[in-house]
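A.B. asks: One structure is given below, represented as structure tokens, and several questions about it will come after.
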Amino acid sequence: MASSPQLVQIEVGPPVRQPKPAWLKARAPVGENFHNLKKLARELDLHTVCESAQCPNIGECWNHKTATFMLLGNICTRRCGFCAVPKGRPEAIDWDEPRRVADAVAKLGLKHAVVTSVNRDDDNVGGARVFAETIRQIRELTPDCRIEVLIPDFQGIEEALRAVLDAKPDVLNHNTETVPRLYRVVRSGARYERTLNLLENVKKFSPGMVTKSGVMVGLGETITELVEVFRDLGSRGVDILTVGQYLRPSRDHLPMTRYYTPDEFQYMKEEALRFGFRHVESGPMVRSSYHAHEQAESTSALRR
């Protein structure tokens, strides 16, 4: 049985002491699509990051027939201080998982499927092969469904990245998450330069691939630092950027330092667009897969 998370509390800034603003209140998930997807995920023994990461947009996305499936189990080998996904020693890789994900996508008639995973530093290449096989099997059963992959850094192993790219997803996403100064605290086991190198290599190995990355705010960074991250990502040819508010999943996770206002998110969007992004999604409720179908449509011309 996997051990429960044992996170060390590290104060990256004074915790916020104010009620949640009105613009951060999401509607409770309802609707036929939501209930059908939840039921099917249980029947096929699948995990969705929408549930595991406690995403506030789960109802809206599922009712738009967009879902994010999480491969390689539900236990992550890293202990990132912001993430609600359980940490510990994972089980063996389930090589039948790609078939079940493809089956779920077909049965639900999804228009845009996002496929992500926990970190599997015990077998990065094996994890990448599961991504690739999932892409292939979705294509076989639902050829009209767009496929976006949100991949880990694979510890910088190029063989793993090439394996995913060879399967030709429509969008390749790898999140930057935060500014370089906070990496050691926020992203356990990750390196800022490794993230930039991965995104740069995607364009090098597969020039037509649409790339995407996301950043959280509210962990103690400054807007000046964020704009520098936008500059770094833009210079690597990243096409889509998402910027959203960090919300602390529990008292065992990193504290939030402040809420950003909608006006500040608009300012960050305007700043980011100066660096060449094709699409920027910036707002309090934005997460990696939020409005993913619309983002893909706005950049679809890149793949033609």
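The way I read the labels, and the way they are meant: chains A, B, ... in the order of the structure tokens, residue 1 as the first residue of every chain, and ligand 1 as the first ligand shown, with later ones counted on from there.
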Within 10 Å of stretch 183-197 of chain A, counting only C-alpha atoms, which residues show up once you throw out same-chain ones fewer than 5 positions away? Write them as a VMD selection string, please.

C.D. replies: chain A and resid 8 to 12 77 to 83 119 121 152 to 156 174 to 178 202 213 219 229 232 to 233 235 to 236 238 253 to 254

A.B. asks: How would you write, as number ranges by chain, the set of residues in stretch 217-277 of chain A that DSSP gives as strand (DSSP E or B)?

C.D. replies: A: 217, 240-245

A.B. asks: Given the selection you just returned, output its residues as a file containing C-alpha atoms, formatted as a PDB file, in the first residue's frame.

C.D. replies:
```pdb
ATOM      1  CA  VAL A 217       1.010  32.674  -9.285  1.00  0.00           C
ATOM      2  CA  ILE A 240       0.410  28.593 -25.776  1.00  0.00           C
ATOM      3  CA  LEU A 241       0.829  29.963 -22.240  1.00  0.00           C
ATOM      4  CA  THR A 242      -1.516  29.492 -19.272  1.00  0.00           C
ATOM      5  CA  VAL A 243      -1.315  31.590 -16.094  1.00  0.00           C
ATOM      6  CA  GLY A 244      -3.506  30.787 -13.081  1.00  0.00           C
ATOM      7  CA  GLN A 245      -3.887  31.350  -9.350  1.00  0.00           C
TER       8      GLN A 245
END
```

A.B. asks: Please provide the set of residues having any atom within 7 Å of A:Gly218, restricted to only C-alpha atoms, with same-chain residues fewer than 6 positions apart removed, written as a VMD selection string.

C.D. replies: chain A and resid 245 to 246 256 to 259

A.B. asks: Print the selection's residues with N, CA and C atoms to a file, as a compact mmCIF listing (two decimals), in the first residue's frame.

C.D. replies:
```txt
# COMPACT_ATOMS: atom_id res chain seq x y z
N GLN A 245 -4.09 31.14 -10.78
CA GLN A 245 -3.89 31.35 -9.35
C GLN A 245 -3.62 30.02 -8.64
N TYR A 246 -2.55 29.97 -7.85
CA TYR A 246 -2.31 28.82 -6.99
C TYR A 246 -3.29 28.85 -5.83
N MET A 256 -0.13 29.94 0.30
CA MET A 256 -0.34 30.94 -0.73
C MET A 256 -0.04 32.31 -0.14
N THR A 257 0.68 33.14 -0.89
CA THR A 257 1.08 34.44 -0.36
C THR A 257 0.06 35.53 -0.63
N ARG A 258 -0.64 35.44 -1.78
CA ARG A 258 -1.68 36.44 -2.05
C ARG A 258 -2.53 36.03 -3.24
N TYR A 259 -3.70 36.65 -3.33
CA TYR A 259 -4.55 36.50 -4.49
C TYR A 259 -4.22 37.59 -5.50
```

A.B. asks: Please identify all polymer residues within 6 Å of stretch 209-211 of chain A, counting only C-alpha atoms, omitting same-chain residues fewer than 6 positions from it, and present them as a list in words.

C.D. replies: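 Once the nearby chain positions are removed, what remains is Val171, Leu172, Asn173, Val238 and Asp239 of chain A.
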
A.B. asks: Give the alpha helix (DSSP H) residues of stretch 154-253 of chain A, as assigned by DSSP on the backbone, as a PyMOL selection string.

C.D. replies: chain A and resi 158-166+183-186+192-205+223-235

A.B. asks: Produce a file of the selected residues containing N, CA, C and O atoms, as a compact mmCIF listing (two decimals), in the first residue's frame.

C.D. replies:
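The result, written out as part.txt:
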```txt
# COMPACT_ATOMS: atom_id res chain seq x y z
N GLU A 158 16.35 12.41 -23.58
CA GLU A 158 15.85 12.71 -24.92
C GLU A 158 15.12 11.54 -25.55
O GLU A 158 14.15 11.74 -26.30
N GLU A 159 15.54 10.33 -25.27
CA GLU A 159 14.87 9.15 -25.84
C GLU A 159 13.40 9.14 -25.45
O GLU A 159 12.52 8.79 -26.26
N ALA A 160 13.10 9.53 -24.21
CA ALA A 160 11.71 9.54 -23.74
C ALA A 160 10.91 10.61 -24.48
O ALA A 160 9.78 10.36 -24.93
N LEU A 161 11.47 11.80 -24.61
CA LEU A 161 10.77 12.87 -25.32
C LEU A 161 10.51 12.49 -26.77
O LEU A 161 9.41 12.69 -27.30
N ARG A 162 11.50 11.91 -27.44
CA ARG A 162 11.33 11.51 -28.84
C ARG A 162 10.24 10.46 -28.99
O ARG A 162 9.51 10.44 -29.99
N ALA A 163 10.13 9.56 -28.02
CA ALA A 163 9.11 8.51 -28.09
C ALA A 163 7.71 9.12 -28.12
O ALA A 163 6.83 8.68 -28.86
N VAL A 164 7.49 10.15 -27.29
CA VAL A 164 6.18 10.83 -27.28
C VAL A 164 5.96 11.58 -28.58
O VAL A 164 4.88 11.50 -29.20
N LEU A 165 6.95 12.31 -29.04
CA LEU A 165 6.81 13.10 -30.26
C LEU A 165 6.56 12.22 -31.49
O LEU A 165 5.82 12.61 -32.40
N ASP A 166 7.17 11.05 -31.52
CA ASP A 166 6.99 10.14 -32.66
C ASP A 166 5.54 9.69 -32.81
O ASP A 166 5.12 9.31 -33.92
N TYR A 183 12.10 27.39 -7.56
CA TYR A 183 12.04 26.02 -8.07
C TYR A 183 12.36 24.97 -7.01
O TYR A 183 11.67 23.96 -6.90
N ARG A 184 13.39 25.18 -6.25
CA ARG A 184 13.79 24.16 -5.27
C ARG A 184 12.68 23.89 -4.27
O ARG A 184 12.48 22.75 -3.82
N VAL A 185 11.93 24.92 -3.91
CA VAL A 185 10.86 24.78 -2.93
C VAL A 185 9.59 24.21 -3.57
O VAL A 185 8.95 23.32 -3.02
N VAL A 186 9.25 24.70 -4.75
CA VAL A 186 7.96 24.37 -5.37
C VAL A 186 8.01 23.07 -6.16
O VAL A 186 7.10 22.25 -6.07
N TYR A 192 14.77 24.41 -13.57
CA TYR A 192 14.23 25.39 -14.51
C TYR A 192 14.86 25.25 -15.89
O TYR A 192 14.15 25.24 -16.91
N GLU A 193 16.17 25.13 -15.96
CA GLU A 193 16.84 25.00 -17.25
C GLU A 193 16.44 23.72 -17.96
O GLU A 193 16.36 23.69 -19.19
N ARG A 194 16.18 22.67 -17.21
CA ARG A 194 15.75 21.41 -17.83
C ARG A 194 14.39 21.59 -18.51
O ARG A 194 14.15 21.07 -19.60
N THR A 195 13.51 22.34 -17.86
CA THR A 195 12.21 22.62 -18.44
C THR A 195 12.35 23.42 -19.74
O THR A 195 11.73 23.10 -20.76
N LEU A 196 13.18 24.46 -19.71
CA LEU A 196 13.39 25.26 -20.91
C LEU A 196 14.01 24.42 -22.03
O LEU A 196 13.63 24.53 -23.20
N ASN A 197 14.97 23.57 -21.68
CA ASN A 197 15.61 22.72 -22.68
C ASN A 197 14.61 21.75 -23.32
O ASN A 197 14.66 21.49 -24.53
N LEU A 198 13.73 21.20 -22.50
CA LEU A 198 12.73 20.27 -23.04
C LEU A 198 11.84 20.98 -24.06
O LEU A 198 11.62 20.47 -25.17
N LEU A 199 11.34 22.15 -23.71
CA LEU A 199 10.46 22.88 -24.63
C LEU A 199 11.20 23.30 -25.90
O LEU A 199 10.63 23.27 -27.00
N GLU A 200 12.46 23.64 -25.75
CA GLU A 200 13.27 23.99 -26.92
C GLU A 200 13.50 22.77 -27.80
O GLU A 200 13.45 22.85 -29.04
N ASN A 201 13.74 21.61 -27.17
CA ASN A 201 13.99 20.38 -27.93
C ASN A 201 12.76 19.91 -28.69
O ASN A 201 12.88 19.29 -29.75
N VAL A 202 11.57 20.19 -28.15
CA VAL A 202 10.35 19.79 -28.88
C VAL A 202 10.34 20.42 -30.26
O VAL A 202 10.08 19.76 -31.27
N LYS A 203 10.65 21.72 -30.32
CA LYS A 203 10.68 22.42 -31.61
C LYS A 203 11.84 21.93 -32.49
O LYS A 203 11.73 21.91 -33.71
N LYS A 204 12.91 21.52 -31.85
CA LYS A 204 14.07 21.02 -32.60
C LYS A 204 13.77 19.64 -33.21
O LYS A 204 14.08 19.37 -34.37
N PHE A 205 13.17 18.75 -32.42
CA PHE A 205 12.91 17.39 -32.88
C PHE A 205 11.66 17.29 -33.74
O PHE A 205 11.56 16.41 -34.60
N ILE A 223 5.84 40.01 -10.13
CA ILE A 223 5.40 40.11 -11.53
C ILE A 223 6.62 40.29 -12.44
O ILE A 223 6.65 39.76 -13.55
N THR A 224 7.63 40.99 -11.96
CA THR A 224 8.86 41.14 -12.76
C THR A 224 9.48 39.79 -13.05
O THR A 224 9.90 39.51 -14.19
N GLU A 225 9.53 38.90 -12.05
CA GLU A 225 10.07 37.56 -12.26
C GLU A 225 9.20 36.78 -13.25
O GLU A 225 9.72 36.04 -14.09
N LEU A 226 7.89 36.93 -13.14
CA LEU A 226 6.99 36.23 -14.05
C LEU A 226 7.21 36.67 -15.49
O LEU A 226 7.25 35.84 -16.41
N VAL A 227 7.36 37.96 -15.70
CA VAL A 227 7.58 38.46 -17.06
C VAL A 227 8.88 37.91 -17.64
O VAL A 227 8.96 37.59 -18.83
N GLU A 228 9.89 37.73 -16.80
CA GLU A 228 11.14 37.12 -17.27
C GLU A 228 10.92 35.67 -17.69
O GLU A 228 11.50 35.20 -18.67
N VAL A 229 10.07 34.96 -16.96
CA VAL A 229 9.73 33.59 -17.36
C VAL A 229 9.00 33.60 -18.70
O VAL A 229 9.28 32.77 -19.58
N PHE A 230 8.05 34.53 -18.87
CA PHE A 230 7.35 34.63 -20.15
C PHE A 230 8.35 34.87 -21.28
O PHE A 230 8.23 34.29 -22.37
N ARG A 231 9.34 35.73 -21.02
CA ARG A 231 10.36 36.01 -22.03
C ARG A 231 11.13 34.74 -22.39
O ARG A 231 11.38 34.44 -23.56
N ASP A 232 11.52 33.97 -21.36
CA ASP A 232 12.28 32.74 -21.59
C ASP A 232 11.47 31.73 -22.41
O ASP A 232 11.99 31.08 -23.33
N LEU A 233 10.18 31.60 -22.08
CA LEU A 233 9.34 30.65 -22.80
C LEU A 233 9.09 31.11 -24.24
O LEU A 233 9.12 30.31 -25.17
N GLY A 234 8.85 32.40 -24.40
CA GLY A 234 8.65 32.92 -25.75
C GLY A 234 9.86 32.73 -26.63
O GLY A 234 9.73 32.42 -27.83
N SER A 235 11.04 32.87 -26.06
CA SER A 235 12.27 32.72 -26.84
C SER A 235 12.51 31.26 -27.24
O SER A 235 13.30 31.00 -28.14
```

A.B. asks: Could you check which of A:Glu97, A:Ser206, A:Val179, A:Leu150 is closest to A:Arg287, using only C-alpha atoms?

C.D. replies: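 Result for the nearest residue to A:Arg287: A:Leu150.
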
A.B. asks: Write out as a ChimeraX atom specification each polymer residue whose atoms come within 12 Å of A:Leu71, counting only C-alpha atoms; drop sequence neighbours fewer than 4 positions from it.

C.D. replies: /A:45-49,52,75-76,90,93-102,114-120,126-135,149-152

A.B. asks: How would the residues just picked look written out with N, CA, C and O atoms as a short mmCIF file (atom, residue, chain, number, x, y, z; two decimals), in the first residue's frame?

C.D. replies:
```cif
data_model
loop_
_atom_site.label_atom_id
_atom_site.label_comp_id
_atom_site.auth_asym_id
_atom_site.auth_seq_id
_atom_site.Cartn_x
_atom_site.Cartn_y
_atom_site.Cartn_z
N ASP A 45 -11.23 1.74 -14.25
CA ASP A 45 -10.11 1.88 -13.34
C ASP A 45 -9.10 2.90 -13.87
O ASP A 45 -7.90 2.65 -13.96
N LEU A 46 -9.62 4.09 -14.21
CA LEU A 46 -8.78 5.17 -14.72
C LEU A 46 -8.74 6.32 -13.73
O LEU A 46 -9.66 6.52 -12.94
N HIS A 47 -7.64 7.08 -13.79
CA HIS A 47 -7.51 8.27 -12.95
C HIS A 47 -7.62 9.51 -13.83
O HIS A 47 -7.15 9.52 -14.97
N THR A 48 -8.26 10.55 -13.32
CA THR A 48 -8.26 11.84 -13.99
C THR A 48 -7.56 12.84 -13.09
O THR A 48 -7.78 12.84 -11.88
N VAL A 49 -6.71 13.67 -13.69
CA VAL A 49 -6.03 14.70 -12.91
C VAL A 49 -7.04 15.73 -12.41
O VAL A 49 -6.83 16.39 -11.40
N SER A 52 -7.81 14.07 -9.10
CA SER A 52 -6.65 13.87 -8.22
C SER A 52 -6.03 15.18 -7.79
O SER A 52 -5.52 15.32 -6.68
N ILE A 75 0.16 7.57 -8.03
CA ILE A 75 1.20 7.85 -7.04
C ILE A 75 2.41 8.45 -7.74
O ILE A 75 2.96 7.85 -8.66
N CYS A 76 2.82 9.64 -7.32
CA CYS A 76 3.93 10.35 -7.96
C CYS A 76 5.23 10.10 -7.20
O CYS A 76 5.25 10.03 -5.97
N PRO A 90 5.37 4.11 -6.47
CA PRO A 90 4.30 3.70 -7.39
C PRO A 90 4.29 2.19 -7.63
O PRO A 90 5.28 1.50 -7.38
N ILE A 93 4.21 -0.33 -13.86
CA ILE A 93 3.51 0.30 -14.98
C ILE A 93 2.44 -0.65 -15.53
O ILE A 93 2.68 -1.83 -15.73
N ASP A 94 1.26 -0.09 -15.75
CA ASP A 94 0.13 -0.85 -16.28
C ASP A 94 0.09 -0.67 -17.79
O ASP A 94 -0.35 0.35 -18.30
N TRP A 95 0.53 -1.68 -18.53
CA TRP A 95 0.64 -1.56 -19.99
C TRP A 95 -0.71 -1.67 -20.70
O TRP A 95 -0.80 -1.44 -21.90
N ASP A 96 -1.76 -2.00 -19.94
CA ASP A 96 -3.10 -2.03 -20.52
C ASP A 96 -3.81 -0.69 -20.40
O ASP A 96 -4.87 -0.48 -20.99
N GLU A 97 -3.22 0.23 -19.66
CA GLU A 97 -3.84 1.53 -19.43
C GLU A 97 -4.14 2.30 -20.72
O GLU A 97 -5.23 2.90 -20.84
N PRO A 98 -3.25 2.32 -21.71
CA PRO A 98 -3.56 3.03 -22.96
C PRO A 98 -4.85 2.56 -23.62
O PRO A 98 -5.64 3.36 -24.11
N ARG A 99 -5.09 1.25 -23.60
CA ARG A 99 -6.32 0.72 -24.20
C ARG A 99 -7.54 1.23 -23.47
O ARG A 99 -8.54 1.63 -24.09
N ARG A 100 -7.48 1.27 -22.14
CA ARG A 100 -8.64 1.70 -21.35
C ARG A 100 -8.91 3.20 -21.53
O ARG A 100 -10.06 3.62 -21.57
N VAL A 101 -7.84 3.98 -21.61
CA VAL A 101 -8.03 5.42 -21.84
C VAL A 101 -8.67 5.64 -23.21
O VAL A 101 -9.62 6.43 -23.36
N ALA A 102 -8.16 4.95 -24.23
CA ALA A 102 -8.72 5.09 -25.58
C ALA A 102 -10.18 4.65 -25.61
O ALA A 102 -11.02 5.26 -26.28
N VAL A 114 -7.00 15.35 -23.05
CA VAL A 114 -5.70 15.72 -22.50
C VAL A 114 -5.19 14.52 -21.71
O VAL A 114 -5.92 13.95 -20.89
N VAL A 115 -3.96 14.14 -21.97
CA VAL A 115 -3.36 12.98 -21.31
C VAL A 115 -2.12 13.43 -20.57
O VAL A 115 -1.21 14.02 -21.16
N THR A 116 -2.11 13.22 -19.26
CA THR A 116 -0.96 13.59 -18.46
C THR A 116 -0.53 12.39 -17.64
O THR A 116 -1.01 11.27 -17.86
N SER A 117 0.38 12.58 -16.70
CA SER A 117 0.82 11.47 -15.86
C SER A 117 1.45 12.01 -14.59
O SER A 117 1.81 13.20 -14.50
N VAL A 118 1.57 11.14 -13.63
CA VAL A 118 2.45 11.41 -12.50
C VAL A 118 3.89 11.33 -12.99
O VAL A 118 4.16 10.86 -14.10
N ASN A 119 4.84 11.80 -12.20
CA ASN A 119 6.25 11.56 -12.50
C ASN A 119 6.58 10.11 -12.18
O ASN A 119 6.18 9.59 -11.13
N ARG A 120 7.28 9.46 -13.09
CA ARG A 120 7.75 8.08 -12.86
C ARG A 120 9.25 8.06 -13.06
O ARG A 120 9.77 7.55 -14.05
N GLY A 126 9.94 4.02 -19.97
CA GLY A 126 8.71 3.22 -19.95
C GLY A 126 7.48 4.11 -19.87
O GLY A 126 6.48 3.88 -20.55
N GLY A 127 7.55 5.15 -19.04
CA GLY A 127 6.43 6.08 -18.95
C GLY A 127 6.15 6.77 -20.27
O GLY A 127 4.99 6.94 -20.67
N ALA A 128 7.21 7.16 -20.97
CA ALA A 128 7.04 7.82 -22.27
C ALA A 128 6.39 6.87 -23.28
O ALA A 128 5.56 7.28 -24.11
N ARG A 129 6.74 5.60 -23.22
CA ARG A 129 6.15 4.63 -24.14
C ARG A 129 4.65 4.44 -23.89
O ARG A 129 3.88 4.21 -24.82
N VAL A 130 4.24 4.57 -22.63
CA VAL A 130 2.82 4.50 -22.31
C VAL A 130 2.09 5.71 -22.90
O VAL A 130 1.00 5.59 -23.46
N PHE A 131 2.69 6.91 -22.81
CA PHE A 131 2.13 8.08 -23.46
C PHE A 131 1.94 7.82 -24.96
O PHE A 131 0.87 8.07 -25.53
N ALA A 132 3.00 7.32 -25.59
CA ALA A 132 2.97 7.11 -27.04
C ALA A 132 1.90 6.10 -27.44
O ALA A 132 1.15 6.32 -28.40
N GLU A 133 1.80 5.03 -26.69
CA GLU A 133 0.81 4.00 -27.02
C GLU A 133 -0.60 4.52 -26.79
O GLU A 133 -1.53 4.19 -27.54
N THR A 134 -0.79 5.36 -25.79
CA THR A 134 -2.11 5.95 -25.54
C THR A 134 -2.52 6.84 -26.70
O THR A 134 -3.67 6.79 -27.17
N ILE A 135 -1.60 7.65 -27.21
CA ILE A 135 -1.89 8.49 -28.37
C ILE A 135 -2.31 7.63 -29.55
O ILE A 135 -3.31 7.90 -30.23
N VAL A 149 -0.93 16.25 -24.85
CA VAL A 149 -0.22 15.55 -23.78
C VAL A 149 0.46 16.58 -22.88
O VAL A 149 1.07 17.54 -23.35
N LEU A 150 0.31 16.38 -21.58
CA LEU A 150 0.99 17.19 -20.58
C LEU A 150 2.01 16.29 -19.91
O LEU A 150 1.68 15.45 -19.09
N ILE A 151 3.26 16.43 -20.32
CA ILE A 151 4.29 15.45 -19.95
C ILE A 151 5.16 15.95 -18.80
O ILE A 151 5.33 17.16 -18.60
N PRO A 152 5.74 15.02 -18.03
CA PRO A 152 6.77 15.39 -17.06
C PRO A 152 8.08 15.69 -17.78
O PRO A 152 8.15 15.60 -19.02
#
```

A.B. asks: Point out the residue among A:Ala272, A:Met216, A:Ala67, A:Leu72 with the least atom-to-atom distance to A:Ile147, counting only C-alpha atoms.

C.D. replies: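 Smallest distance to A:Ile147 is found for A:Ala67.
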
A.B. asks: Could you check how far atom CA of A:Phe265 sits from atom CA of A:Thr222, in Å to one decimal?

C.D. replies: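 Interatomic distance, atom CA of A:Phe265 to atom CA of A:Thr222: 12.9 Å.
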
A.B. asks: Can you measure atom CA of A:Arg251 to atom CA of A:Gly88 for me? One decimal in Å is fine.

C.D. replies: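 Separation of atom CA of A:Arg251 and atom CA of A:Gly88: 18.5 Å.
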
A.B. asks: When you look at A:Asp103 with a cut-off of 10 Å (counting only C-alpha atoms), what residues show up, excluding the ones that are within fewer than 4 positions of it in the same chain? I need them as JSON, numbers by chain.

C.D. replies: {"A": [40, 44, 97, 98, 99, 107, 108, 109, 137, 138, 141, 142]}

A.B. asks: Output the selection as a short mmCIF file (atom, residue, chain, number, x, y, z; two decimals), in the first residue's frame - all heavy atoms for each residue.

C.D. replies:
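Written out: again_34.cif:
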```cif
data_model
loop_
_atom_site.label_atom_id
_atom_site.label_comp_id
_atom_site.auth_asym_id
_atom_site.auth_seq_id
_atom_site.Cartn_x
_atom_site.Cartn_y
_atom_site.Cartn_z
N LEU A 40 -17.69 6.21 -15.87
CA LEU A 40 -16.86 5.42 -16.77
C LEU A 40 -15.43 5.31 -16.26
O LEU A 40 -14.80 4.24 -16.37
CB LEU A 40 -16.87 6.04 -18.16
CG LEU A 40 -16.21 5.22 -19.28
CD1 LEU A 40 -16.90 3.87 -19.42
CD2 LEU A 40 -16.25 5.98 -20.59
N LEU A 44 -13.55 1.68 -15.66
CA LEU A 44 -12.34 1.30 -16.39
C LEU A 44 -11.08 1.42 -15.54
O LEU A 44 -9.97 1.23 -16.04
CB LEU A 44 -12.20 2.17 -17.65
CG LEU A 44 -13.29 2.00 -18.70
CD1 LEU A 44 -13.10 2.98 -19.84
CD2 LEU A 44 -13.30 0.56 -19.24
N GLU A 97 -3.22 0.23 -19.66
CA GLU A 97 -3.84 1.53 -19.43
C GLU A 97 -4.14 2.30 -20.72
O GLU A 97 -5.23 2.90 -20.84
CB GLU A 97 -2.94 2.35 -18.50
CG GLU A 97 -3.63 3.50 -17.80
CD GLU A 97 -2.71 4.14 -16.76
OE1 GLU A 97 -1.49 4.26 -17.03
OE2 GLU A 97 -3.22 4.51 -15.69
N PRO A 98 -3.25 2.32 -21.71
CA PRO A 98 -3.56 3.03 -22.96
C PRO A 98 -4.85 2.56 -23.62
O PRO A 98 -5.64 3.36 -24.11
CB PRO A 98 -2.34 2.76 -23.84
CG PRO A 98 -1.23 2.56 -22.87
CD PRO A 98 -1.85 1.82 -21.71
N ARG A 99 -5.09 1.25 -23.60
CA ARG A 99 -6.32 0.72 -24.20
C ARG A 99 -7.54 1.23 -23.47
O ARG A 99 -8.54 1.63 -24.09
CB ARG A 99 -6.29 -0.81 -24.17
CG ARG A 99 -7.54 -1.45 -24.76
CD ARG A 99 -7.67 -2.93 -24.42
NE ARG A 99 -7.79 -3.15 -22.98
CZ ARG A 99 -8.92 -2.96 -22.29
NH1 ARG A 99 -10.03 -2.56 -22.91
NH2 ARG A 99 -8.95 -3.20 -21.01
N LYS A 107 -15.97 6.02 -25.95
CA LYS A 107 -17.32 5.87 -25.39
C LYS A 107 -17.93 7.22 -25.03
O LYS A 107 -19.14 7.41 -25.13
CB LYS A 107 -17.27 4.97 -24.17
CG LYS A 107 -17.06 3.50 -24.51
CD LYS A 107 -17.02 2.63 -23.26
CE LYS A 107 -16.90 1.15 -23.65
NZ LYS A 107 -16.77 0.28 -22.45
N LEU A 108 -17.10 8.16 -24.62
CA LEU A 108 -17.60 9.47 -24.22
C LEU A 108 -17.72 10.44 -25.40
O LEU A 108 -18.28 11.52 -25.26
CB LEU A 108 -16.68 10.08 -23.16
CG LEU A 108 -16.73 9.39 -21.80
CD1 LEU A 108 -15.53 9.79 -20.95
CD2 LEU A 108 -18.02 9.75 -21.07
N GLY A 109 -17.15 10.05 -26.54
CA GLY A 109 -17.20 10.92 -27.71
C GLY A 109 -16.46 12.23 -27.48
O GLY A 109 -16.92 13.29 -27.93
N GLN A 137 -3.54 4.58 -29.66
CA GLN A 137 -4.80 3.86 -29.49
C GLN A 137 -6.00 4.81 -29.54
O GLN A 137 -7.07 4.44 -30.04
CB GLN A 137 -4.77 3.06 -28.19
CG GLN A 137 -3.71 1.97 -28.22
CD GLN A 137 -4.12 0.71 -27.49
OE1 GLN A 137 -5.29 0.41 -27.31
NE2 GLN A 137 -3.12 -0.06 -27.07
N ILE A 138 -5.85 6.03 -29.02
CA ILE A 138 -6.93 7.02 -29.16
C ILE A 138 -7.15 7.33 -30.64
O ILE A 138 -8.29 7.40 -31.12
CB ILE A 138 -6.60 8.31 -28.37
CG1 ILE A 138 -6.63 8.04 -26.87
CG2 ILE A 138 -7.62 9.41 -28.72
CD1 ILE A 138 -6.17 9.22 -26.03
N LEU A 141 -9.20 4.56 -32.37
CA LEU A 141 -10.62 4.46 -32.03
C LEU A 141 -11.39 5.75 -32.30
O LEU A 141 -12.58 5.70 -32.63
CB LEU A 141 -10.78 4.06 -30.56
CG LEU A 141 -10.34 2.66 -30.16
CD1 LEU A 141 -10.62 2.42 -28.67
CD2 LEU A 141 -11.04 1.61 -31.00
N THR A 142 -10.74 6.90 -32.11
CA THR A 142 -11.42 8.19 -32.26
C THR A 142 -10.53 9.13 -33.06
O THR A 142 -9.92 10.06 -32.52
CB THR A 142 -11.72 8.80 -30.87
OG1 THR A 142 -12.21 7.79 -29.99
CG2 THR A 142 -12.74 9.93 -30.96
#
```
